[in-house]
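Listing of work.txt; format and content: compact mmCIF, C-alpha atoms and all ligand atoms.
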```txt
# COMPACT_ATOMS: atom_id res chain seq x y z
CA MET R 228 -20.51 5.62 7.98
CA LEU R 229 -16.87 4.56 7.68
CA LYS R 230 -14.39 7.40 7.22
CA PHE R 231 -11.47 6.37 5.05
CA TYR R 232 -8.43 8.65 5.22
CA TYR R 233 -6.88 8.35 1.80
CA HIS R 234 -4.05 9.48 -0.43
CA PRO R 235 -3.46 7.99 -3.90
CA SER R 236 -0.46 5.87 -2.94
CA PRO R 237 0.26 2.16 -2.35
CA ASN R 238 -0.87 1.55 1.23
CA PRO R 239 -4.22 3.40 1.00
CA ALA R 240 -4.89 1.62 -2.33
CA LYS R 241 -5.11 -1.73 -0.49
CA VAL R 242 -7.94 -0.45 1.70
CA ALA R 243 -9.66 1.30 -1.22
CA LEU R 244 -9.81 -2.07 -2.97
CA PHE R 245 -11.36 -3.78 0.07
CA LEU R 246 -13.97 -1.06 0.46
CA GLU R 247 -14.89 -1.15 -3.21
CA GLU R 248 -15.02 -4.95 -3.31
CA SER R 249 -17.16 -5.18 -0.18
CA GLY R 250 -19.66 -2.47 -1.09
CA LEU R 251 -19.52 -1.09 2.48
CA PRO R 252 -20.66 2.55 2.53
CA TYR R 253 -17.78 4.88 3.27
CA GLU R 254 -16.71 8.49 3.00
CA MET R 255 -13.30 9.19 1.48
CA VAL R 256 -11.43 11.86 3.45
CA PRO R 257 -8.45 13.17 1.48
CA VAL R 258 -5.13 13.55 3.30
CA ASP R 259 -2.83 15.40 0.93
CA THR R 260 0.56 14.20 2.11
CA ALA R 261 2.36 16.38 -0.48
CA ARG R 262 0.92 19.38 1.39
CA GLY R 263 1.88 17.95 4.80
CA GLU R 264 -1.68 17.25 5.97
CA GLN R 265 -0.57 13.95 7.54
CA HIS R 266 1.33 15.94 10.18
CA SER R 267 -1.63 17.94 11.49
CA ALA R 268 -2.61 17.41 15.13
CA ALA R 269 -6.13 16.44 14.06
CA TYR R 270 -4.85 13.69 11.77
CA ARG R 271 -2.23 12.49 14.30
CA ALA R 272 -5.08 11.94 16.74
CA ILE R 273 -6.42 9.39 14.25
CA ASN R 274 -3.10 7.96 13.07
CA PRO R 275 -0.24 8.67 15.49
CA ASN R 276 2.16 7.48 12.77
CA GLY R 277 1.20 10.45 10.57
CA LYS R 278 0.85 8.37 7.39
CA THR R 279 -2.00 7.19 5.20
CA PRO R 280 -4.31 5.28 5.34
CA ALA R 281 -6.46 5.34 8.47
CA LEU R 282 -10.04 4.33 9.13
CA VAL R 283 -12.67 5.53 11.60
CA ASP R 284 -15.58 3.18 12.20
CA GLY R 285 -17.85 4.74 14.82
CA ASP R 286 -15.83 4.67 18.04
CA ALA R 287 -13.14 2.47 16.51
CA THR R 288 -10.02 3.97 14.94
CA VAL R 289 -7.59 1.82 12.96
CA PHE R 290 -4.30 2.78 11.35
CA ASP R 291 -1.74 0.87 9.28
CA SER R 292 -3.04 -0.58 6.02
CA ASN R 293 -2.73 -4.29 6.78
CA ALA R 294 -4.27 -3.79 10.22
CA ILE R 295 -7.19 -2.04 8.52
CA LEU R 296 -7.57 -4.93 6.07
CA LEU R 297 -7.61 -7.46 8.91
CA TYR R 298 -9.99 -5.32 10.97
CA LEU R 299 -12.50 -4.99 8.12
CA ALA R 300 -12.18 -8.62 7.05
CA VAL R 301 -12.78 -9.95 10.57
CA ARG R 302 -15.52 -7.44 11.38
CA HIS R 303 -17.49 -8.17 8.22
CA GLY R 304 -16.43 -11.77 7.58
CA LYS R 305 -15.25 -10.93 4.07
CA PHE R 306 -12.18 -11.82 2.03
CA LEU R 307 -10.71 -14.13 4.65
CA PRO R 308 -9.59 -17.54 3.41
CA GLU R 309 -11.09 -20.77 4.67
CA ASN R 310 -10.81 -21.08 8.46
CA ARG R 311 -8.35 -23.96 8.74
CA PRO R 312 -5.02 -23.54 10.53
CA GLU R 313 -3.00 -24.60 7.48
CA VAL R 314 -4.75 -21.92 5.40
CA ARG R 315 -5.01 -19.05 7.91
CA SER R 316 -1.31 -19.54 8.76
CA GLN R 317 -0.55 -18.76 5.10
CA MET R 318 -2.72 -15.66 5.23
CA TYR R 319 -0.91 -14.26 8.27
CA SER R 320 2.52 -15.08 6.87
CA TRP R 321 1.97 -13.45 3.48
CA LEU R 322 0.15 -10.48 4.97
CA MET R 323 3.11 -9.75 7.25
CA PHE R 324 5.61 -10.46 4.48
CA ILE R 325 3.91 -7.76 2.41
CA ALA R 326 3.66 -5.38 5.40
CA THR R 327 7.25 -5.76 6.58
CA GLY R 328 9.12 -6.70 3.40
CA ILE R 329 7.43 -5.82 0.13
CA GLY R 330 6.16 -2.42 1.29
CA PRO R 331 9.15 -1.02 3.18
CA PHE R 332 11.84 -2.29 0.78
CA SER R 333 9.90 -1.22 -2.32
CA GLY R 334 9.24 2.17 -0.74
CA GLN R 335 12.91 2.72 0.06
CA ALA R 336 13.92 1.48 -3.41
CA VAL R 337 11.62 4.13 -4.90
CA HIS R 338 13.06 6.76 -2.59
CA PHE R 339 16.68 6.04 -3.47
CA ARG R 340 15.97 5.51 -7.17
CA HIS R 341 14.04 8.75 -7.67
CA PHE R 342 14.40 11.21 -4.81
CA ALA R 343 17.47 10.78 -2.58
CA PRO R 344 20.40 13.14 -3.00
CA GLU R 345 23.89 11.85 -3.86
CA PRO R 346 25.84 9.95 -2.68
CA LYS R 347 23.33 7.11 -2.75
CA ASP R 348 24.90 4.16 -4.53
CA TYR R 349 25.26 2.00 -1.43
CA ALA R 350 21.68 2.59 -0.23
CA LEU R 351 20.22 2.29 -3.73
CA ASN R 352 21.98 -1.04 -4.22
CA ARG R 353 20.90 -2.32 -0.80
CA TYR R 354 17.18 -1.46 -1.19
CA ALA R 355 16.95 -2.42 -4.88
CA PHE R 356 18.51 -5.79 -4.00
CA GLU R 357 16.07 -6.41 -1.15
CA ALA R 358 13.10 -5.24 -3.24
CA ARG R 359 14.11 -7.66 -6.03
CA ARG R 360 14.61 -10.49 -3.56
CA HIS R 361 11.16 -10.00 -2.00
CA TRP R 362 9.36 -9.66 -5.35
CA LYS R 363 11.10 -12.79 -6.68
CA ILE R 364 9.63 -14.73 -3.77
CA ILE R 365 6.16 -13.42 -4.67
CA ASP R 366 6.71 -14.14 -8.37
CA GLU R 367 7.68 -17.75 -7.65
CA HIS R 368 4.71 -18.15 -5.33
CA LEU R 369 2.32 -16.86 -7.99
CA ALA R 370 3.83 -19.07 -10.70
CA THR R 371 1.56 -21.94 -9.67
CA ARG R 372 -1.52 -20.11 -8.35
CA THR R 373 -4.09 -17.47 -9.19
CA PHE R 374 -4.27 -15.90 -5.75
CA MET R 375 -1.85 -15.70 -2.84
CA VAL R 376 -3.68 -18.05 -0.42
CA ASN R 377 -5.57 -21.25 -1.14
CA GLU R 378 -6.86 -20.11 -4.55
CA GLU R 379 -9.23 -17.72 -2.76
CA TYR R 380 -9.37 -13.97 -3.39
CA THR R 381 -8.50 -12.49 0.02
CA ILE R 382 -7.10 -9.46 1.81
CA VAL R 383 -3.62 -10.76 0.99
CA ASP R 384 -4.27 -10.14 -2.70
CA MET R 385 -5.56 -6.66 -1.87
CA ALA R 386 -2.44 -5.91 0.17
CA LEU R 387 -0.25 -7.09 -2.68
CA TRP R 388 -2.16 -5.17 -5.36
CA GLY R 389 -1.53 -1.91 -3.49
CA TRP R 390 2.18 -2.35 -4.08
CA VAL R 391 2.13 -4.03 -7.50
CA ARG R 392 0.66 -0.76 -8.78
CA ALA R 393 3.98 0.91 -7.85
CA PHE R 394 6.09 -1.66 -9.71
CA PRO R 395 7.27 0.70 -12.49
CA TYR R 396 8.46 3.21 -9.88
CA VAL R 397 10.39 0.49 -8.05
CA PHE R 398 12.05 -1.17 -11.06
CA GLY R 399 11.30 1.02 -14.11
CA ASP R 400 8.94 -0.01 -16.93
CA ALA R 401 11.28 -2.79 -18.06
CA GLY R 402 11.00 -4.35 -14.58
CA TRP R 403 7.87 -6.33 -15.42
CA ALA R 404 9.84 -8.65 -17.71
CA ASP R 405 11.58 -10.32 -14.77
CA TYR R 406 8.33 -10.88 -12.85
CA PRO R 407 5.83 -12.38 -15.34
CA HIS R 408 3.62 -13.93 -12.68
CA VAL R 409 3.36 -10.68 -10.75
CA LYS R 410 2.35 -9.01 -14.03
CA SER R 411 -0.37 -11.62 -14.71
CA PHE R 412 -1.66 -11.15 -11.16
CA PHE R 413 -1.73 -7.38 -11.68
CA ASP R 414 -3.69 -7.70 -14.93
CA ARG R 415 -6.10 -10.12 -13.27
CA ILE R 416 -6.87 -7.82 -10.33
CA ASN R 417 -6.99 -4.71 -12.54
CA ALA R 418 -9.72 -6.36 -14.62
CA ARG R 419 -12.00 -6.34 -11.57
CA PRO R 420 -14.49 -3.42 -11.58
CA ALA R 421 -13.74 -2.78 -7.90
CA ALA R 422 -10.05 -2.26 -8.70
CA GLN R 423 -11.00 0.29 -11.34
CA ARG R 424 -13.27 2.09 -8.86
CA ALA R 425 -10.51 2.01 -6.22
CA GLU R 426 -8.08 3.52 -8.73
CA ALA R 427 -10.60 6.23 -9.68
CA LEU R 428 -10.77 7.51 -6.08
CA LYS R 429 -7.74 9.69 -6.82
CA ASP R 430 -9.85 11.76 -9.21
CA LEU R 431 -12.34 12.76 -6.50
CA HIS R 432 -9.92 15.28 -5.04
CA ALA R 433 -7.29 17.61 -6.50
CA PHE R 434 -4.30 15.94 -4.84
CA LYS R 435 -1.10 17.86 -5.24
CA THR R 436 1.28 16.26 -7.74
CA ALA R 437 4.09 18.85 -7.87
CA TYR R 438 7.33 17.87 -6.17
CA ASP R 439 8.24 21.30 -4.88
CA GLN R 440 10.00 22.26 -1.66
CA GLU R 441 6.77 22.06 0.39
CA THR R 442 6.32 18.46 -0.77
CA LEU R 443 9.92 17.51 -0.07
CA ASP R 444 9.71 19.00 3.43
CA ALA R 445 6.42 17.19 4.11
CA LEU R 446 7.65 13.78 2.94
CA TYR R 447 11.28 13.93 4.06
CA PRO R 448 11.27 15.95 7.29
CA GLN R 449 14.76 14.67 8.13
CA ASN R 450 16.09 17.07 5.50
CA VAL R 451 14.40 20.16 6.88
CA ALA R 452 17.07 22.53 8.18
CA VAL R 453 16.99 23.08 11.93
CA GLU R 454 17.93 26.68 12.78
N1 LIG Y 501 2.91 0.88 7.60
C1 LIG Y 501 2.06 1.92 7.10
C2 LIG Y 501 2.84 2.77 6.11
C3 LIG Y 501 2.00 3.94 5.64
C4 LIG Y 501 2.73 4.81 4.63
O1 LIG Y 501 3.99 4.82 4.55
N2 LIG Y 501 1.95 5.57 3.89
C5 LIG Y 501 2.48 6.48 2.91
C6 LIG Y 501 1.67 6.35 1.62
S1 LIG Y 501 1.90 4.76 0.90
C7 LIG Y 501 2.36 7.90 3.42
O2 LIG Y 501 1.38 8.27 4.01
N3 LIG Y 501 3.40 8.71 3.19
C8 LIG Y 501 3.45 10.08 3.61
C9 LIG Y 501 4.63 10.36 4.49
O3 LIG Y 501 5.53 9.49 4.61
O4 LIG Y 501 4.67 11.43 5.08
C10 LIG Y 501 0.81 1.31 6.43
O5 LIG Y 501 0.93 0.21 5.87
O6 LIG Y 501 -0.25 1.93 6.50
```

Could you render the structure from this file as structure tokens?
Amino acid sequence: MLKFYYHPSPNPAKVALFLEESGLPYEMVPVDTARGEQHSAAYRAINPNGKTPALVDGDATVFDSNAILLYLAVRHGKFLPENRPEVRSQMYSWLMFIATGIGPFSGQAVHFRHFAPEPKDYALNRYAFEARRHWKIIDEHLATRTFMVNEEYTIVDMALWGWVRAFPYVFGDAGWADYPHVKSFFDRINARPAAQRAEALKDLHAFKTAYDQETLDALYPQNVAVE
């Protein structure tokens, strides 16, 4: 059975949605990043990047959320758009745009908005600007379509959903108003039973929610004092 290494955060959510949509049997293995479990030697052997998610499929190990989506989609022939160059090219482009733009800039915008120590104005401005710029591109793209590629529900939509969930942390609750098409997309995917099951995974384990010193040290090791 598939082993899915999970924490309730944006990148694992993408894979949770695929697994729930596909009905593939899997075991959820919690990795409590607030307790530093992502840094254990055992987990690093699965994901050398020490982040969630990761997937073990028999002898195959896959890390990085969009790589896992592609792996599962190709292996099981599910949630890939029509196999024409002009369509698949769109899938690869948007998948990488989400992996290299939406995710990292949104993540850093969250970090500087909520967690970074002062002074942070320059960095906050830089990442909030880039997050807005990337999400505007998505919003304009979704203005004329239901799904990201070819009007088919694909892994690109799953990759996007993982991060749309974090929208209020990136921009605040008022942020939705500037991205109406992203909001409609979010409501549309949330209405799917698989999305609700993917969201409910977080309740299967008592993940730590406190932001105490242990959590800060686990998530921001650059701040840990070196004696
Ligand atoms: N590029 C990676 C990024 C993974 C990532 O940053 N995961 C976050 C959760 S969304 C994490 O595990 N954070 C814990 C940490 O940074 O220590 C992917 O898409 O899987």

Counting only C-alpha atoms and all ligand atoms, which residues in chain R sit no more than 10 Å from ligand LIG 501 (chain Y)? For each one, give the nearest pair of atoms and the distance in Å, sorted by chain then residue number, as a tab-separated table.
```
residue	atom	partner	partner_atom	distance
R:Tyr232	CA	Y:LIG501	O2	9.9
R:Tyr233	CA	Y:LIG501	O2	8.6
R:His234	CA	Y:LIG501	C6	6.8
R:Pro235	CA	Y:LIG501	C6	7.7
R:Ser236	CA	Y:LIG501	S1	4.6
R:Pro237	CA	Y:LIG501	S1	4.5
R:Asn238	CA	Y:LIG501	S1	4.3
R:Pro239	CA	Y:LIG501	S1	6.3
R:Ala240	CA	Y:LIG501	S1	8.1
R:Lys241	CA	Y:LIG501	O5	9.0
R:Val242	CA	Y:LIG501	O6	9.4
R:Val258	CA	Y:LIG501	O2	8.4
R:Asp259	CA	Y:LIG501	C8	8.7
R:Thr260	CA	Y:LIG501	C8	5.3
R:Ala261	CA	Y:LIG501	C8	7.6
R:Arg262	CA	Y:LIG501	O4	9.5
R:Gly263	CA	Y:LIG501	O4	7.1
R:Glu264	CA	Y:LIG501	O4	8.7
R:Gln265	CA	Y:LIG501	O4	6.3
R:His266	CA	Y:LIG501	O4	7.6
R:Asn274	CA	Y:LIG501	O6	9.4
R:Asn276	CA	Y:LIG501	C1	7.9
R:Gly277	CA	Y:LIG501	O4	6.6
R:Lys278	CA	Y:LIG501	O2	3.4
R:Thr279	CA	Y:LIG501	O2	3.7
R:Pro280	CA	Y:LIG501	O6	5.4
R:Ala281	CA	Y:LIG501	O6	7.4
R:Val289	CA	Y:LIG501	O6	9.8
R:Phe290	CA	Y:LIG501	O6	6.4
R:Asp291	CA	Y:LIG501	O6	3.3
R:Ser292	CA	Y:LIG501	O6	3.8
R:Asn293	CA	Y:LIG501	O5	5.9
R:Ala294	CA	Y:LIG501	O5	7.9
R:Ile295	CA	Y:LIG501	O6	8.2
R:Leu296	CA	Y:LIG501	O5	9.9
R:Ile325	CA	Y:LIG501	O5	9.2
R:Ala326	CA	Y:LIG501	O5	6.2
R:Thr327	CA	Y:LIG501	N1	8.0
R:Gly330	CA	Y:LIG501	O5	7.4
R:Pro331	CA	Y:LIG501	N1	7.9
R:Gly334	CA	Y:LIG501	O1	7.9
R:Ala386	CA	Y:LIG501	O5	9.0
R:Gly389	CA	Y:LIG501	S1	8.7
R:Trp390	CA	Y:LIG501	S1	8.7
R:Ala393	CA	Y:LIG501	S1	9.8
R:Thr442	CA	Y:LIG501	O4	9.3
R:Leu443	CA	Y:LIG501	O4	9.5
R:Asp444	CA	Y:LIG501	O4	9.2
R:Ala445	CA	Y:LIG501	O4	6.1
R:Leu446	CA	Y:LIG501	O4	4.4
R:Tyr447	CA	Y:LIG501	O4	7.1
R:Pro448	CA	Y:LIG501	O4	8.3
```

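Relative to atom CA of Glu248 of chain R, atom CA of Arg424 of chain R is found at 9.1 Å.
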
Q. Which residue gives the smallest distance to Gln317 of chain R among R:Tyr270, R:Phe245, R:Phe374, R:Phe356, with all atoms listed in the file counted?
A. R:Phe374

Q: Compute the distance from (6.5, -12.4, -16.4) to each atom, counting all atoms listed in the file, keep the residues with any atom at most 12 Å away, and return them as a ChimeraX atom specification; use the coordinates of the file.
A: /R:362-363,365-367,369-370,401-414

Q | Residues near Asn377 of chain R, cut-off 12 Å, all atoms listed in the file, skip fewer than 5 positions along chain, as an MDAnalysis selection string | A | chainID R and resid 306:318 321 368:369 371:372 383:384

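The space separating atom CA of Met385 of chain R from atom CA of Pro275 of chain R comes to 23.8 Å.
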
Q) Expressed in Å to a single decimal, how great is the separation between atom CA of Ile273 of chain R and atom CA of Leu246 of chain R? A) 18.9 Å

Report, as AutoDock Vina command-line options, the centre and edge lengths in Å (one decimal) of the axis-aligned box enclosing every listed atom of segment 298-301 of chain R, padded by 5 Å on each side.
```
--center_x -11.4 --center_y -7.5 --center_z 9.0 --size_x 12.8 --size_y 15.0 --size_z 13.9
```

Name all residues at most 10 Å from His338 of chain R (count only C-alpha atoms; drop same-chain ones fewer than 3 positions away) and give them as a short mmCIF file (atom, residue, chain, number, x, y, z; two decimals) with C-alpha atoms, in the frame of the given file.
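That gives us part28.cif:
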```
data_model
loop_
_atom_site.label_atom_id
_atom_site.label_comp_id
_atom_site.auth_asym_id
_atom_site.auth_seq_id
_atom_site.Cartn_x
_atom_site.Cartn_y
_atom_site.Cartn_z
CA PHE R 332 11.84 -2.29 0.78
CA SER R 333 9.90 -1.22 -2.32
CA GLY R 334 9.24 2.17 -0.74
CA GLN R 335 12.91 2.72 0.06
CA HIS R 341 14.04 8.75 -7.67
CA PHE R 342 14.40 11.21 -4.81
CA ALA R 343 17.47 10.78 -2.58
CA PRO R 344 20.40 13.14 -3.00
CA ALA R 350 21.68 2.59 -0.23
CA LEU R 351 20.22 2.29 -3.73
CA TYR R 354 17.18 -1.46 -1.19
CA TYR R 396 8.46 3.21 -9.88
CA VAL R 397 10.39 0.49 -8.05
CA TYR R 447 11.28 13.93 4.06
#
```

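With distances taken over all atoms listed in the file, R:Leu322 is the one residue among R:His432, R:Tyr253, R:Leu322, R:Lys305 lying closest to Val376 of chain R.
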